[in-house]
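So this block is structure.cif, mmCIF, C-alpha atoms:
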```cif
data_target
loop_
_atom_site.group_PDB
_atom_site.id
_atom_site.type_symbol
_atom_site.label_atom_id
_atom_site.label_comp_id
_atom_site.auth_asym_id
_atom_site.auth_seq_id
_atom_site.Cartn_x
_atom_site.Cartn_y
_atom_site.Cartn_z
ATOM 1 C CA MET O 1 -20.503 -14.733 -1.736
ATOM 2 C CA ILE O 2 -19.679 -15.338 1.918
ATOM 3 C CA GLU O 3 -18.005 -12.308 3.404
ATOM 4 C CA GLN O 4 -16.426 -13.159 6.694
ATOM 5 C CA PRO O 5 -15.311 -10.079 8.612
ATOM 6 C CA ILE O 6 -11.602 -9.574 8.133
ATOM 7 C CA ASP O 7 -11.031 -8.712 11.810
ATOM 8 C CA SER O 8 -12.083 -12.174 12.980
ATOM 9 C CA LEU O 9 -9.713 -13.774 10.436
ATOM 10 C CA VAL O 10 -6.923 -11.446 11.591
ATOM 11 C CA ALA O 11 -7.513 -12.368 15.234
ATOM 12 C CA LYS O 12 -7.324 -16.051 14.304
ATOM 13 C CA ALA O 13 -4.124 -15.516 12.275
ATOM 14 C CA HIS O 14 -2.418 -13.770 15.199
ATOM 15 C CA ARG O 15 -3.621 -16.440 17.621
ATOM 16 C CA ASP O 16 -2.356 -19.334 15.477
ATOM 17 C CA GLY O 17 0.697 -17.521 14.088
ATOM 18 C CA GLU O 18 -0.547 -18.758 10.693
ATOM 19 C CA TYR O 19 -0.947 -15.928 8.172
ATOM 20 C CA GLN O 20 -1.359 -17.845 4.927
ATOM 21 C CA PRO O 21 -5.190 -18.151 5.113
ATOM 22 C CA LEU O 22 -5.399 -14.359 5.303
ATOM 23 C CA ILE O 23 -2.986 -13.850 2.406
ATOM 24 C CA ASP O 24 -4.892 -16.379 0.327
ATOM 25 C CA LEU O 25 -8.008 -14.187 0.554
ATOM 26 C CA ILE O 26 -6.498 -12.071 -2.213
ATOM 27 C CA PRO O 27 -6.209 -14.322 -5.251
ATOM 28 C CA TYR O 28 -3.351 -12.424 -6.872
ATOM 29 C CA ALA O 29 -1.268 -12.687 -3.681
ATOM 30 C CA ARG O 30 -1.654 -16.456 -3.934
ATOM 31 C CA ILE O 31 -0.790 -16.440 -7.648
ATOM 32 C CA ILE O 32 2.518 -14.640 -7.180
ATOM 33 C CA GLY O 33 3.141 -16.560 -3.933
ATOM 34 C CA VAL O 34 3.262 -13.953 -1.127
ATOM 35 C CA GLU O 35 4.239 -15.313 2.300
ATOM 36 C CA CYS O 36 4.498 -13.654 5.678
ATOM 37 C CA GLN O 37 6.526 -14.235 8.839
ATOM 38 C CA ARG O 38 6.077 -12.430 12.123
ATOM 39 C CA TYR O 39 9.126 -11.535 14.221
ATOM 40 C CA GLY O 40 7.785 -10.011 17.440
ATOM 41 C CA GLU O 41 6.231 -6.733 16.388
ATOM 42 C CA GLU O 42 7.646 -6.900 12.894
ATOM 43 C CA MET O 43 6.063 -8.592 9.888
ATOM 44 C CA ILE O 44 8.368 -9.505 7.034
ATOM 45 C CA PHE O 45 6.781 -10.447 3.722
ATOM 46 C CA ARG O 46 8.506 -12.806 1.329
ATOM 47 C CA LEU O 47 8.049 -13.449 -2.371
ATOM 48 C CA PRO O 48 9.823 -16.752 -3.040
ATOM 49 C CA ARG O 49 11.668 -17.221 -6.308
ATOM 50 C CA ASN O 50 9.154 -18.317 -8.920
ATOM 51 C CA PRO O 51 9.766 -18.774 -12.669
ATOM 52 C CA ASP O 52 6.203 -17.547 -13.337
ATOM 53 C CA ASN O 53 7.072 -14.107 -11.937
ATOM 54 C CA ILE O 54 9.735 -13.352 -14.539
ATOM 55 C CA GLY O 55 9.224 -10.297 -16.714
ATOM 56 C CA ASN O 56 12.574 -9.839 -18.386
ATOM 57 C CA PRO O 57 13.726 -13.211 -19.708
ATOM 58 C CA THR O 58 17.148 -11.951 -20.849
ATOM 59 C CA LEU O 59 18.607 -11.141 -17.392
ATOM 60 C CA PRO O 60 16.399 -12.890 -16.120
ATOM 61 C CA ALA O 61 14.608 -10.431 -13.844
ATOM 62 C CA LEU O 62 11.344 -10.239 -11.954
ATOM 63 C CA HIS O 63 8.474 -8.435 -13.664
ATOM 64 C CA GLY O 64 8.421 -4.844 -12.418
ATOM 65 C CA GLY O 65 4.673 -5.071 -11.981
ATOM 66 C CA VAL O 66 5.085 -8.135 -9.767
ATOM 67 C CA ILE O 67 7.519 -6.239 -7.535
ATOM 68 C CA ALA O 68 5.116 -3.281 -7.309
ATOM 69 C CA SER O 69 2.125 -5.540 -6.634
ATOM 70 C CA PHE O 70 4.047 -7.445 -3.981
ATOM 71 C CA MET O 71 4.816 -4.123 -2.270
ATOM 72 C CA GLU O 72 1.208 -2.951 -2.533
ATOM 73 C CA LEU O 73 -0.021 -6.252 -1.081
ATOM 74 C CA THR O 74 2.585 -5.976 1.701
ATOM 75 C CA ALA O 75 0.994 -2.659 2.698
ATOM 76 C CA VAL O 76 -2.533 -4.113 2.471
ATOM 77 C CA PHE O 77 -1.657 -7.059 4.723
ATOM 78 C CA GLN O 78 0.326 -4.918 7.165
ATOM 79 C CA LEU O 79 -2.727 -2.648 7.569
ATOM 80 C CA MET O 80 -5.091 -5.599 7.902
ATOM 81 C CA LEU O 81 -2.892 -7.222 10.537
ATOM 82 C CA GLN O 82 -2.288 -4.074 12.488
ATOM 83 C CA GLN O 83 -5.658 -2.419 12.416
ATOM 84 C CA HIS O 84 -8.458 -4.830 13.143
ATOM 85 C CA THR O 85 -10.879 -3.262 10.660
ATOM 86 C CA PRO O 86 -13.826 -5.317 9.391
ATOM 87 C CA THR O 87 -13.045 -4.822 5.673
ATOM 88 C CA PRO O 88 -9.760 -4.705 3.749
ATOM 89 C CA PRO O 89 -8.203 -1.251 3.304
ATOM 90 C CA LYS O 90 -9.086 0.449 0.036
ATOM 91 C CA ILE O 91 -6.218 1.769 -2.048
ATOM 92 C CA ILE O 92 -6.261 5.460 -3.015
ATOM 93 C CA ASP O 93 -2.873 5.848 -4.656
ATOM 94 C CA PHE O 94 0.366 3.962 -5.016
ATOM 95 C CA SER O 95 3.756 5.162 -6.181
ATOM 96 C CA VAL O 96 6.878 3.056 -6.665
ATOM 97 C CA ASP O 97 10.494 3.949 -7.445
ATOM 98 C CA TYR O 98 12.572 1.161 -8.930
ATOM 99 C CA MET O 99 16.192 1.250 -7.830
ATOM 100 C CA ARG O 100 17.748 -2.031 -8.936
ATOM 101 C CA ALA O 101 16.710 -4.934 -11.128
ATOM 102 C CA GLY O 102 14.893 -7.597 -9.128
ATOM 103 C CA LEU O 103 16.791 -10.773 -9.943
ATOM 104 C CA ASP O 104 15.398 -14.289 -10.141
ATOM 105 C CA LYS O 105 15.578 -14.985 -6.399
ATOM 106 C CA ASP O 106 13.641 -14.454 -3.156
ATOM 107 C CA THR O 107 12.417 -10.917 -2.502
ATOM 108 C CA PHE O 108 11.485 -9.437 0.875
ATOM 109 C CA ALA O 109 9.397 -6.440 1.848
ATOM 110 C CA ILE O 110 8.535 -4.531 4.945
ATOM 111 C CA CYS O 111 5.872 -1.873 5.418
ATOM 112 C CA GLU O 112 5.945 1.014 7.817
ATOM 113 C CA ILE O 113 2.750 2.894 8.562
ATOM 114 C CA ALA O 114 4.110 6.414 8.511
ATOM 115 C CA ARG O 115 0.899 8.035 9.608
ATOM 116 C CA GLN O 116 -2.363 6.541 10.751
ATOM 117 C CA GLY O 117 -5.178 9.046 10.514
ATOM 118 C CA ARG O 118 -8.813 8.485 11.344
ATOM 119 C CA ARG O 119 -9.713 7.728 7.729
ATOM 120 C CA VAL O 120 -6.470 7.488 5.790
ATOM 121 C CA SER O 121 -3.243 5.551 6.283
ATOM 122 C CA ASN O 122 0.059 6.613 4.778
ATOM 123 C CA CYS O 123 2.398 3.671 4.246
ATOM 124 C CA SER O 124 5.913 3.269 2.991
ATOM 125 C CA VAL O 125 7.296 -0.029 1.779
ATOM 126 C CA ILE O 126 10.775 -1.154 0.849
ATOM 127 C CA ALA O 127 11.689 -4.301 -1.039
ATOM 128 C CA TRP O 128 15.085 -5.980 -1.128
ATOM 129 C CA GLN O 129 16.801 -9.209 -2.103
ATOM 130 C CA ASP O 130 20.316 -9.633 -0.706
ATOM 131 C CA LYS O 131 20.686 -6.680 1.621
ATOM 132 C CA LYS O 132 17.962 -4.609 3.167
ATOM 133 C CA ARG O 133 20.251 -1.604 2.875
ATOM 134 C CA GLN O 134 20.325 -2.057 -0.898
ATOM 135 C CA PRO O 135 16.624 -1.999 -1.748
ATOM 136 C CA ILE O 136 15.443 -2.955 -5.213
ATOM 137 C CA ALA O 137 12.433 -0.631 -4.874
ATOM 138 C CA SER O 138 10.703 1.726 -2.499
ATOM 139 C CA ALA O 139 7.032 2.635 -2.541
ATOM 140 C CA ARG O 140 4.470 4.717 -0.747
ATOM 141 C CA ALA O 141 0.717 4.463 -0.710
ATOM 142 C CA HIS O 142 -2.443 5.892 0.801
ATOM 143 C CA PHE O 143 -5.348 3.716 1.876
ATOM 144 C CA LEU O 144 -8.865 4.497 3.035
ATOM 145 C CA ILE O 145 -9.651 2.782 6.294
ATOM 146 C CA ASP O 146 -13.133 1.636 7.166
ATOM 147 C CA GLN O 147 -13.391 2.455 10.871
ATOM 148 C CA ARG O 148 -16.344 1.146 12.755
ATOM 149 C CA MET Q 1 7.174 6.316 -36.990
ATOM 150 C CA ASN Q 2 7.473 4.046 -40.011
ATOM 151 C CA LEU Q 3 5.766 1.049 -38.476
ATOM 152 C CA THR Q 4 2.148 0.146 -39.196
ATOM 153 C CA ASP Q 5 -0.398 -0.492 -36.451
ATOM 154 C CA MET Q 6 -0.239 -4.218 -37.227
ATOM 155 C CA GLU Q 7 3.541 -4.258 -36.905
ATOM 156 C CA LEU Q 8 3.335 -2.421 -33.591
ATOM 157 C CA GLN Q 9 0.676 -4.805 -32.327
ATOM 158 C CA GLY Q 10 2.907 -7.729 -33.359
ATOM 159 C CA ARG Q 11 5.802 -6.278 -31.382
ATOM 160 C CA CYS Q 12 3.620 -5.745 -28.323
ATOM 161 C CA GLN Q 13 2.247 -9.284 -28.596
ATOM 162 C CA ARG Q 14 5.734 -10.835 -28.849
ATOM 163 C CA PHE Q 15 6.869 -8.659 -25.931
ATOM 164 C CA LEU Q 16 3.952 -9.961 -23.882
ATOM 165 C CA ASP Q 17 4.483 -13.581 -24.954
ATOM 166 C CA ALA Q 18 8.166 -13.402 -23.961
ATOM 167 C CA GLN Q 19 7.243 -12.723 -20.322
ATOM 168 C CA PRO Q 20 6.261 -15.783 -18.303
ATOM 169 C CA HIS Q 21 4.219 -13.746 -15.854
ATOM 170 C CA MET Q 22 2.140 -12.159 -18.619
ATOM 171 C CA ARG Q 23 1.343 -15.556 -20.092
ATOM 172 C CA LYS Q 24 0.329 -16.735 -16.630
ATOM 173 C CA LEU Q 25 -2.118 -13.811 -16.254
ATOM 174 C CA GLY Q 26 -3.563 -14.314 -19.738
ATOM 175 C CA LEU Q 27 -3.250 -10.702 -20.871
ATOM 176 C CA ASN Q 28 -4.011 -9.818 -24.515
ATOM 177 C CA VAL Q 29 -2.916 -6.981 -26.763
ATOM 178 C CA VAL Q 30 -6.175 -5.707 -28.256
ATOM 179 C CA GLY Q 31 -4.847 -2.761 -30.240
ATOM 180 C CA ALA Q 32 -1.767 -0.702 -30.998
ATOM 181 C CA CYS Q 33 -0.930 2.420 -32.970
ATOM 182 C CA PRO Q 34 2.007 4.840 -32.877
ATOM 183 C CA TYR Q 35 2.718 5.799 -29.238
ATOM 184 C CA GLN Q 36 -0.261 3.846 -27.913
ATOM 185 C CA VAL Q 37 -1.359 0.345 -26.913
ATOM 186 C CA THR Q 38 -4.441 -1.255 -25.319
ATOM 187 C CA ILE Q 39 -4.103 -4.369 -23.146
ATOM 188 C CA GLU Q 40 -6.948 -6.560 -21.885
ATOM 189 C CA LEU Q 41 -7.226 -8.690 -18.762
ATOM 190 C CA PRO Q 42 -10.042 -11.158 -19.511
ATOM 191 C CA VAL Q 43 -12.441 -12.253 -16.765
ATOM 192 C CA GLN Q 44 -10.791 -15.135 -14.911
ATOM 193 C CA GLU Q 45 -12.174 -17.255 -12.129
ATOM 194 C CA THR Q 46 -8.700 -17.717 -10.626
ATOM 195 C CA LEU Q 47 -8.720 -14.007 -9.794
ATOM 196 C CA PHE Q 48 -12.115 -14.147 -8.074
ATOM 197 C CA SER Q 49 -12.207 -14.018 -4.330
ATOM 198 C CA GLY Q 50 -15.087 -15.797 -2.615
ATOM 199 C CA GLN Q 51 -14.257 -14.173 0.702
ATOM 200 C CA ALA Q 52 -13.351 -10.586 0.057
ATOM 201 C CA ASN Q 53 -15.133 -9.322 -3.019
ATOM 202 C CA THR Q 54 -13.728 -5.933 -2.160
ATOM 203 C CA TYR Q 55 -10.163 -6.535 -3.185
ATOM 204 C CA MET Q 56 -10.041 -9.111 -5.935
ATOM 205 C CA HIS Q 57 -8.033 -6.908 -8.267
ATOM 206 C CA GLY Q 58 -5.556 -5.973 -5.581
ATOM 207 C CA GLY Q 59 -2.182 -6.049 -7.194
ATOM 208 C CA VAL Q 60 -3.308 -7.343 -10.600
ATOM 209 C CA LEU Q 61 -4.111 -3.845 -11.748
ATOM 210 C CA THR Q 62 -0.619 -2.657 -10.810
ATOM 211 C CA THR Q 63 1.025 -5.427 -12.825
ATOM 212 C CA MET Q 64 -1.213 -4.724 -15.812
ATOM 213 C CA VAL Q 65 -0.521 -0.995 -15.777
ATOM 214 C CA ASP Q 66 3.222 -1.567 -15.454
ATOM 215 C CA HIS Q 67 3.136 -3.908 -18.420
ATOM 216 C CA ALA Q 68 0.927 -1.691 -20.616
ATOM 217 C CA SER Q 69 3.094 1.379 -19.922
ATOM 218 C CA SER Q 70 6.164 -0.597 -20.848
ATOM 219 C CA ALA Q 71 4.479 -1.840 -24.050
ATOM 220 C CA ALA Q 72 3.604 1.772 -24.952
ATOM 221 C CA THR Q 73 7.350 2.500 -25.140
ATOM 222 C CA LEU Q 74 7.588 -0.151 -27.891
ATOM 223 C CA CYS Q 75 5.081 1.885 -29.910
ATOM 224 C CA ALA Q 76 7.143 5.056 -29.589
ATOM 225 C CA LEU Q 77 10.562 3.802 -30.681
ATOM 226 C CA GLU Q 78 11.475 2.701 -34.198
ATOM 227 C CA ASP Q 79 13.926 0.071 -32.904
ATOM 228 C CA TYR Q 80 13.204 -1.976 -29.805
ATOM 229 C CA GLU Q 81 15.084 -0.852 -26.690
ATOM 230 C CA LEU Q 82 14.766 -2.607 -23.340
ATOM 231 C CA CYS Q 83 13.829 0.341 -21.123
ATOM 232 C CA PRO Q 84 13.807 -0.236 -17.362
ATOM 233 C CA THR Q 85 11.043 1.469 -15.365
ATOM 234 C CA LEU Q 86 12.178 4.321 -13.139
ATOM 235 C CA ASP Q 87 8.910 4.936 -11.373
ATOM 236 C CA LEU Q 88 5.185 4.364 -11.574
ATOM 237 C CA ARG Q 89 2.299 6.103 -9.843
ATOM 238 C CA ILE Q 90 -1.304 4.907 -9.893
ATOM 239 C CA ASP Q 91 -4.380 6.770 -8.662
ATOM 240 C CA HIS Q 92 -7.383 4.550 -8.024
ATOM 241 C CA MET Q 93 -10.684 6.258 -8.924
ATOM 242 C CA SER Q 94 -13.183 3.459 -8.524
ATOM 243 C CA ARG Q 95 -13.329 -0.218 -7.874
ATOM 244 C CA PRO Q 96 -13.497 -2.602 -10.848
ATOM 245 C CA ALA Q 97 -16.288 -5.154 -11.199
ATOM 246 C CA GLN Q 98 -14.807 -8.636 -11.080
ATOM 247 C CA ASP Q 99 -17.149 -10.040 -13.735
ATOM 248 C CA MET Q 100 -16.047 -7.685 -16.531
ATOM 249 C CA PRO Q 101 -12.731 -7.563 -18.426
ATOM 250 C CA LEU Q 102 -10.287 -4.797 -17.505
ATOM 251 C CA TYR Q 103 -8.553 -2.667 -20.139
ATOM 252 C CA VAL Q 104 -5.497 -0.443 -19.946
ATOM 253 C CA GLU Q 105 -4.909 2.162 -22.627
ATOM 254 C CA ALA Q 106 -1.326 3.366 -22.331
ATOM 255 C CA GLU Q 107 0.410 6.124 -24.253
ATOM 256 C CA CYS Q 108 4.049 7.094 -24.465
ATOM 257 C CA TYR Q 109 3.465 10.840 -24.793
ATOM 258 C CA ARG Q 110 7.019 12.107 -24.699
ATOM 259 C CA VAL Q 111 10.293 10.679 -25.990
ATOM 260 C CA THR Q 112 13.593 12.304 -25.073
ATOM 261 C CA ARG Q 113 17.166 11.147 -25.627
ATOM 262 C CA LYS Q 114 17.370 9.442 -22.229
ATOM 263 C CA VAL Q 115 13.881 9.190 -20.779
ATOM 264 C CA LEU Q 116 10.405 8.097 -21.935
ATOM 265 C CA PHE Q 117 7.205 9.358 -20.298
ATOM 266 C CA THR Q 118 3.956 7.403 -20.305
ATOM 267 C CA ARG Q 119 0.392 7.775 -19.052
ATOM 268 C CA ALA Q 120 -2.288 5.123 -18.802
ATOM 269 C CA THR Q 121 -5.998 4.793 -18.113
ATOM 270 C CA VAL Q 122 -7.569 1.648 -16.673
ATOM 271 C CA TYR Q 123 -11.235 1.160 -17.552
ATOM 272 C CA GLN Q 124 -13.957 -1.415 -18.037
ATOM 273 C CA LEU Q 125 -16.695 0.306 -20.074
ATOM 274 C CA THR Q 126 -15.129 3.465 -21.514
ATOM 275 C CA THR Q 127 -12.075 5.609 -20.798
ATOM 276 C CA GLU Q 128 -14.580 8.272 -19.652
ATOM 277 C CA GLN Q 129 -15.290 6.091 -16.626
ATOM 278 C CA PRO Q 130 -11.779 5.361 -15.415
ATOM 279 C CA ILE Q 131 -10.933 2.777 -12.766
ATOM 280 C CA ALA Q 132 -7.434 4.232 -12.420
ATOM 281 C CA TYR Q 133 -4.905 6.627 -13.945
ATOM 282 C CA ALA Q 134 -1.178 6.049 -13.991
ATOM 283 C CA ILE Q 135 1.969 7.849 -15.008
ATOM 284 C CA SER Q 136 5.356 6.292 -15.421
ATOM 285 C CA THR Q 137 8.883 7.033 -16.613
ATOM 286 C CA PHE Q 138 11.365 4.744 -18.331
ATOM 287 C CA MET Q 139 15.098 5.048 -18.836
ATOM 288 C CA ARG Q 140 16.444 4.482 -22.349
ATOM 289 C CA PRO Q 141 19.426 2.134 -22.380
ATOM 290 C CA ASP Q 142 22.784 3.097 -23.845
ATOM 291 C CA PRO Q 143 22.862 2.277 -27.571
ATOM 292 C CA GLY Q 144 23.751 -1.327 -28.299
ATOM 293 C CA THR Q 145 23.114 -2.632 -24.768
ATOM 294 C CA THR Q 146 19.780 -4.343 -25.492
ATOM 295 C CA ASP Q 147 20.309 -8.093 -25.939
ATOM 296 C CA PRO Q 148 20.517 -8.528 -29.777
ATOM 297 C CA ALA Q 149 18.662 -11.850 -29.889
ATOM 298 C CA PHE Q 150 15.829 -10.504 -27.726
ATOM 299 C CA LYS Q 151 15.673 -7.331 -29.826
ATOM 300 C CA ALA Q 152 15.470 -9.389 -33.041
ATOM 301 C CA MET Q 153 12.735 -11.561 -31.542
ATOM 302 C CA ILE Q 154 10.613 -8.563 -30.408
ATOM 303 C CA GLU Q 155 11.077 -6.932 -33.811
ATOM 304 C CA GLY Q 156 9.965 -10.175 -35.452
ATOM 305 C CA ARG Q 157 13.220 -10.845 -37.287
ATOM 306 C CA SER Q 158 14.286 -14.159 -35.783
ATOM 307 C CA GLN Q 159 13.525 -17.866 -36.295
ATOM 308 C CA THR Q 160 12.170 -18.227 -32.747
ATOM 309 C CA ASN Q 161 9.286 -15.920 -33.570
ATOM 310 C CA HIS Q 162 6.463 -16.325 -30.993
ATOM 311 C CA GLY Q 163 2.995 -15.314 -32.075
ATOM 312 C CA ALA Q 164 1.901 -12.628 -34.517
ATOM 313 C CA GLN Q 165 2.831 -13.013 -38.096
ATOM 314 C CA HIS Q 166 4.649 -10.192 -39.687
ATOM 315 C CA ASP Q 167 7.650 -10.031 -41.944
#
```
In structure tokens, how does this file's structure come out?
Amino acid sequence: MIEQPIDSLVAKAHRDGEYQPLIDLIPYARIIGVECQRYGEEMIFRLPRNPDNIGNPTLPALHGGVIASFMELTAVFQLMLQQHTPTPPKIIDFSVDYMRAGLDKDTFAICEIARQGRRVSNCSVIAWQDKKRQPIASARAHFLIDQR
Amino acid sequence: MNLTDMELQGRCQRFLDAQPHMRKLGLNVVGACPYQVTIELPVQETLFSGQANTYMHGGVLTTMVDHASSAATLCALEDYELCPTLDLRIDHMSRPAQDMPLYVEAECYRVTRKVLFTRATVYQLTTEQPIAYAISTFMRPDPGTTDPAFKAMIEGRSQTNHGAQHD
């Protein structure tokens, strides 16, 4: 198992503006198809429409677990990209409120680091489809940060 | 609850088989009884990370727990109702080993007229050594609003019966 320090991969991603290699480090992110775009200071994560991500075939709607995982991964990547730590952040807890059905279309998410302590980060994430002001879900999470 | 464990397991299996994402992940229903279900995520190379061993289950565990909690609601209701998730909270106790299957044991411990409450334990060896705990709530739909064909399929009453043999 080759473990390349995450901070060097993050530095390369920022330099090249190419975030996919970093996202692909987490196999499940690749399976559901997470993508990331940087707009100045802001990172917006995208989960493109994918028939494999359907949970409710009658609507059809995205699997609730996929939405939650996408939001959790959004927080993980946001922390990795913002913090320059040598290892990925370690999740402590995660809590999601579902507000609307996630339909079979592109989903977006943004993560705000509400508080960055010395050892713990508190993040909040919202996910939306058509309008950011009408989120399909909101989540919060704590992560342990490995500071050097 | 008038359904046998086998009938409940059949329902949970058909519920799982009806969801493209669950088929993609290769989850299995390994046991069911009234109010309770156990789901397995077998060891899969596609989920291994050669780079960051530390986070291979990132996200997968959340999807599994969400699904198992939802399946537990099937074991608590006589007739199938499509119950949307209101919220889900997961506490991560320890990191799973990537070369062992993961299990989620989920229980729907309280049924009210409008809301269902579930709890779940994620483990690899025994539930005494948990990887994670989760609690979740589900909203019961208004009577008659669950798609009748989907309901019949989950209950194992239709021609397009996927998987487990009952009736």
Non-local contacts of Asp5 of chain Q (9 Å; all atoms listed in the file; under 6 positions in same chain excluded) as JSON, numbers by chain: {"Q": [31, 32, 33, 34, 75]}
Nearest to Thr137 of chain Q, chosen from Q:Arg14, Q:Arg157, Q:Arg119, Q:Arg113, with all atoms listed in the file counted in the distances: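 Looking only at the distances to Thr137 of chain Q, the closest residue turns out to be Q:Arg119.
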Nearest residue to Leu88 of chain Q from the set O:Asp146, O:Glu112, O:Asp93, O:Asp106 (distances using all atoms listed in the file):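 Checking each candidate against Leu88 of chain Q, we get O:Asp93 as the closest.
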Selection under test: the PyMOL selection byres ((chain O and resi 42) around 10); residues as a ChimeraX atom specification: /O:37-41,43-45,78,110-112
Expected selection from the PyMOL selection byres ((chain O and resi 88) around 10), given as a list in words: Pro5, Ile6, Asp7, Val76, Phe77, Leu79, Met80, Leu81, Gln83, His84, Thr85, Pro86, Thr87, Pro89, Lys90, Ile91, Phe143, Leu144, Ile145 and Asp146 of chain O; Ala52, Asn53, Thr54 and Tyr55 of chain Q
Just C-alpha atoms for this one: save the residues we selected as a JSON list (two decimals), keeping the file's coordinate frame.
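For reference, selection-v9.json as written:
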```
[["chain", "number", "residue", "atom", "x", "y", "z"],
["O", 5, "PRO", "CA", -15.31, -10.08, 8.61],
["O", 6, "ILE", "CA", -11.60, -9.57, 8.13],
["O", 7, "ASP", "CA", -11.03, -8.71, 11.81],
["O", 76, "VAL", "CA", -2.53, -4.11, 2.47],
["O", 77, "PHE", "CA", -1.66, -7.06, 4.72],
["O", 79, "LEU", "CA", -2.73, -2.65, 7.57],
["O", 80, "MET", "CA", -5.09, -5.60, 7.90],
["O", 81, "LEU", "CA", -2.89, -7.22, 10.54],
["O", 83, "GLN", "CA", -5.66, -2.42, 12.42],
["O", 84, "HIS", "CA", -8.46, -4.83, 13.14],
["O", 85, "THR", "CA", -10.88, -3.26, 10.66],
["O", 86, "PRO", "CA", -13.83, -5.32, 9.39],
["O", 87, "THR", "CA", -13.04, -4.82, 5.67],
["O", 89, "PRO", "CA", -8.20, -1.25, 3.30],
["O", 90, "LYS", "CA", -9.09, 0.45, 0.04],
["O", 91, "ILE", "CA", -6.22, 1.77, -2.05],
["O", 143, "PHE", "CA", -5.35, 3.72, 1.88],
["O", 144, "LEU", "CA", -8.86, 4.50, 3.04],
["O", 145, "ILE", "CA", -9.65, 2.78, 6.29],
["O", 146, "ASP", "CA", -13.13, 1.64, 7.17],
["Q", 52, "ALA", "CA", -13.35, -10.59, 0.06],
["Q", 53, "ASN", "CA", -15.13, -9.32, -3.02],
["Q", 54, "THR", "CA", -13.73, -5.93, -2.16],
["Q", 55, "TYR", "CA", -10.16, -6.54, -3.18]]
```
Distance-based interface of chain O with chain Q, 6 Å, counting all atoms listed in the file, as a PyMOL selection string: chain O and resi 1-3+26-27+52-55+65-66+69+92-98
Surrounding residues of Val115 of chain Q excluding itself and chain neighbours under 6 positions, 7 Å, all atoms listed in the file, as number ranges by chain: Q: 137-140
Go ahead and save the picked residues with C-alpha atoms, as a PDB file, in the coordinates of the input.
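Wrote it out as result-v2.pdb, contents follow:
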```pdb
ATOM      1  CA  THR Q 137       8.883   7.033 -16.613  1.00  0.00           C
ATOM      2  CA  PHE Q 138      11.365   4.744 -18.331  1.00  0.00           C
ATOM      3  CA  MET Q 139      15.098   5.048 -18.836  1.00  0.00           C
ATOM      4  CA  ARG Q 140      16.444   4.482 -22.349  1.00  0.00           C
TER       5      ARG Q 140
END
```
Nearby residues (all atoms listed in the file) at most 7 Å from segment 97-101 of chain Q, same-chain spacing under 3 positions excluded, as JSON, numbers by chain: {"Q": [40, 41, 42, 43, 48, 124]}
